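These notes concern the structure reproduced below.
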Amino acid sequence: MGFPVQTIWEKYQDGSDIDAVDRAHDHKTLATGDDWGKVNLFRYPVVNKGQRSRKYFGHAEHVTCVRFSPDDRYLISTGGADHAVLQWRVVSQ
């Protein structure tokens with residue numbers, strides 16, 4: 001929590017909907033995992049109202065953890081009820 005991530009929540013979310021957050025080591029990307037099984041990637045910092053994210057679906061429900069690899073080339077996410085561990089390749093735009 002803090003100023004650099006103040007707008008990661010979507011409209012009507014109550015603040016408990018984001019379960020995991022990690023910032024890339026190069027400080028350019030922020031990943032979140034939410035209650036609906038989505039992994040979201042934002043440009044960091046996330047301070048503009050309505051700042052969009054790229055949304056990726058792969059988990060059945062709650063994403064319990066997201067972490068960038070040391071070289072920021074991959075993102076690992078873990079699911080709650082599905083017990084899945086997913087590896088995502090991060091591609092620059």
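A note on labels: chains of the structure tokens are A, B, ... as shown, every chain counts residues from 1, and ligands are counted from 1 in their shown order.
The environment of range 16-31 of chain A within 9 Å, counting only C-alpha atoms and disregarding residues fewer than 3 places along the same chain, consists of A:Val5, A:Ile8, A:Trp9, A:Gln13, A:Asp34, A:Asp35, A:Trp36, A:Val39, A:Asn40, A:Leu41, A:Phe42, A:Arg43, A:Tyr44, A:Pro45, A:Val46, A:His62, A:Val63, A:Thr64, A:Cys65, A:Val66, A:Arg67, A:Phe68, A:Ser69, A:Pro70, A:Asp71, A:Asp72, A:Leu75.
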Near Thr7 in chain A, counting only C-alpha atoms, which residues have an atom at most 7 Å away, once you skip same-chain residues fewer than 3 positions from it, shown as a PyMOL selection string? chain A and resi 46-49
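Across A:Gln51, A:Gln87, A:Ser77, A:Ser92, the tightest approach to Gly33 in chain A is made by A:Ser77 when counting only C-alpha atoms.
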Within range 17-83 of chain A, find each residue whose DSSP state, derived from the backbone, is strand (DSSP E), and express the selection as a ChimeraX atom specification. /A:18-23,29-34,38-43,54-57,63-68,74-79
Mind giving me the straight-line distance from CA of Gly15 in chain A to CA of Gly2 in chain A in Å, one decimal?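 Spanning CA of Gly15 in chain A to CA of Gly2 in chain A is a straight-line distance of 12.5 Å.
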Report, in Å with one decimal, the straight-line distance from CA of Val91 in chain A to CA of Phe57 in chain A.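 Separating CA of Val91 in chain A from CA of Phe57 in chain A is a distance of 16.3 Å.
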Selection: 7 Å around range 58-61 of chain A, only C-alpha atoms, excl. self and same-chain fewer than 6 positions, as a compact mmCIF listing (two decimals) with N, CA and C atoms, in the first residue's frame:
# COMPACT_ATOMS: atom_id res chain seq x y z
N ASP A 35 -9.08 -11.33 -6.59
CA ASP A 35 -10.06 -12.33 -6.15
C ASP A 35 -10.73 -13.07 -7.30
N TRP A 36 -10.63 -12.57 -8.51
CA TRP A 36 -11.33 -13.17 -9.65
C TRP A 36 -10.41 -14.00 -10.53
N GLY A 37 -9.22 -14.32 -10.04
CA GLY A 37 -8.29 -15.17 -10.78
C GLY A 37 -7.48 -14.44 -11.83
N LYS A 38 -7.51 -13.11 -11.82
CA LYS A 38 -6.78 -12.33 -12.82
C LYS A 38 -5.40 -11.94 -12.32
N GLY A 79 -2.32 -19.83 -7.38
CA GLY A 79 -3.76 -19.75 -7.16
C GLY A 79 -4.14 -20.34 -5.82
N GLY A 80 -5.29 -19.93 -5.32
CA GLY A 80 -5.80 -20.42 -4.06
C GLY A 80 -6.41 -21.80 -4.20
N ALA A 81 -7.68 -21.85 -4.56
CA ALA A 81 -8.41 -23.12 -4.63
C ALA A 81 -7.90 -24.04 -5.72
N ASP A 82 -7.35 -23.48 -6.80
CA ASP A 82 -6.88 -24.35 -7.89
C ASP A 82 -5.49 -24.92 -7.63
Straight-line distance linking CA of Gly50 in chain A with CA of Lys11 in chain A, stated in Å to one decimal: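 Computing the Euclidean distance for CA of Gly50 in chain A and CA of Lys11 in chain A yields 8.7 Å.
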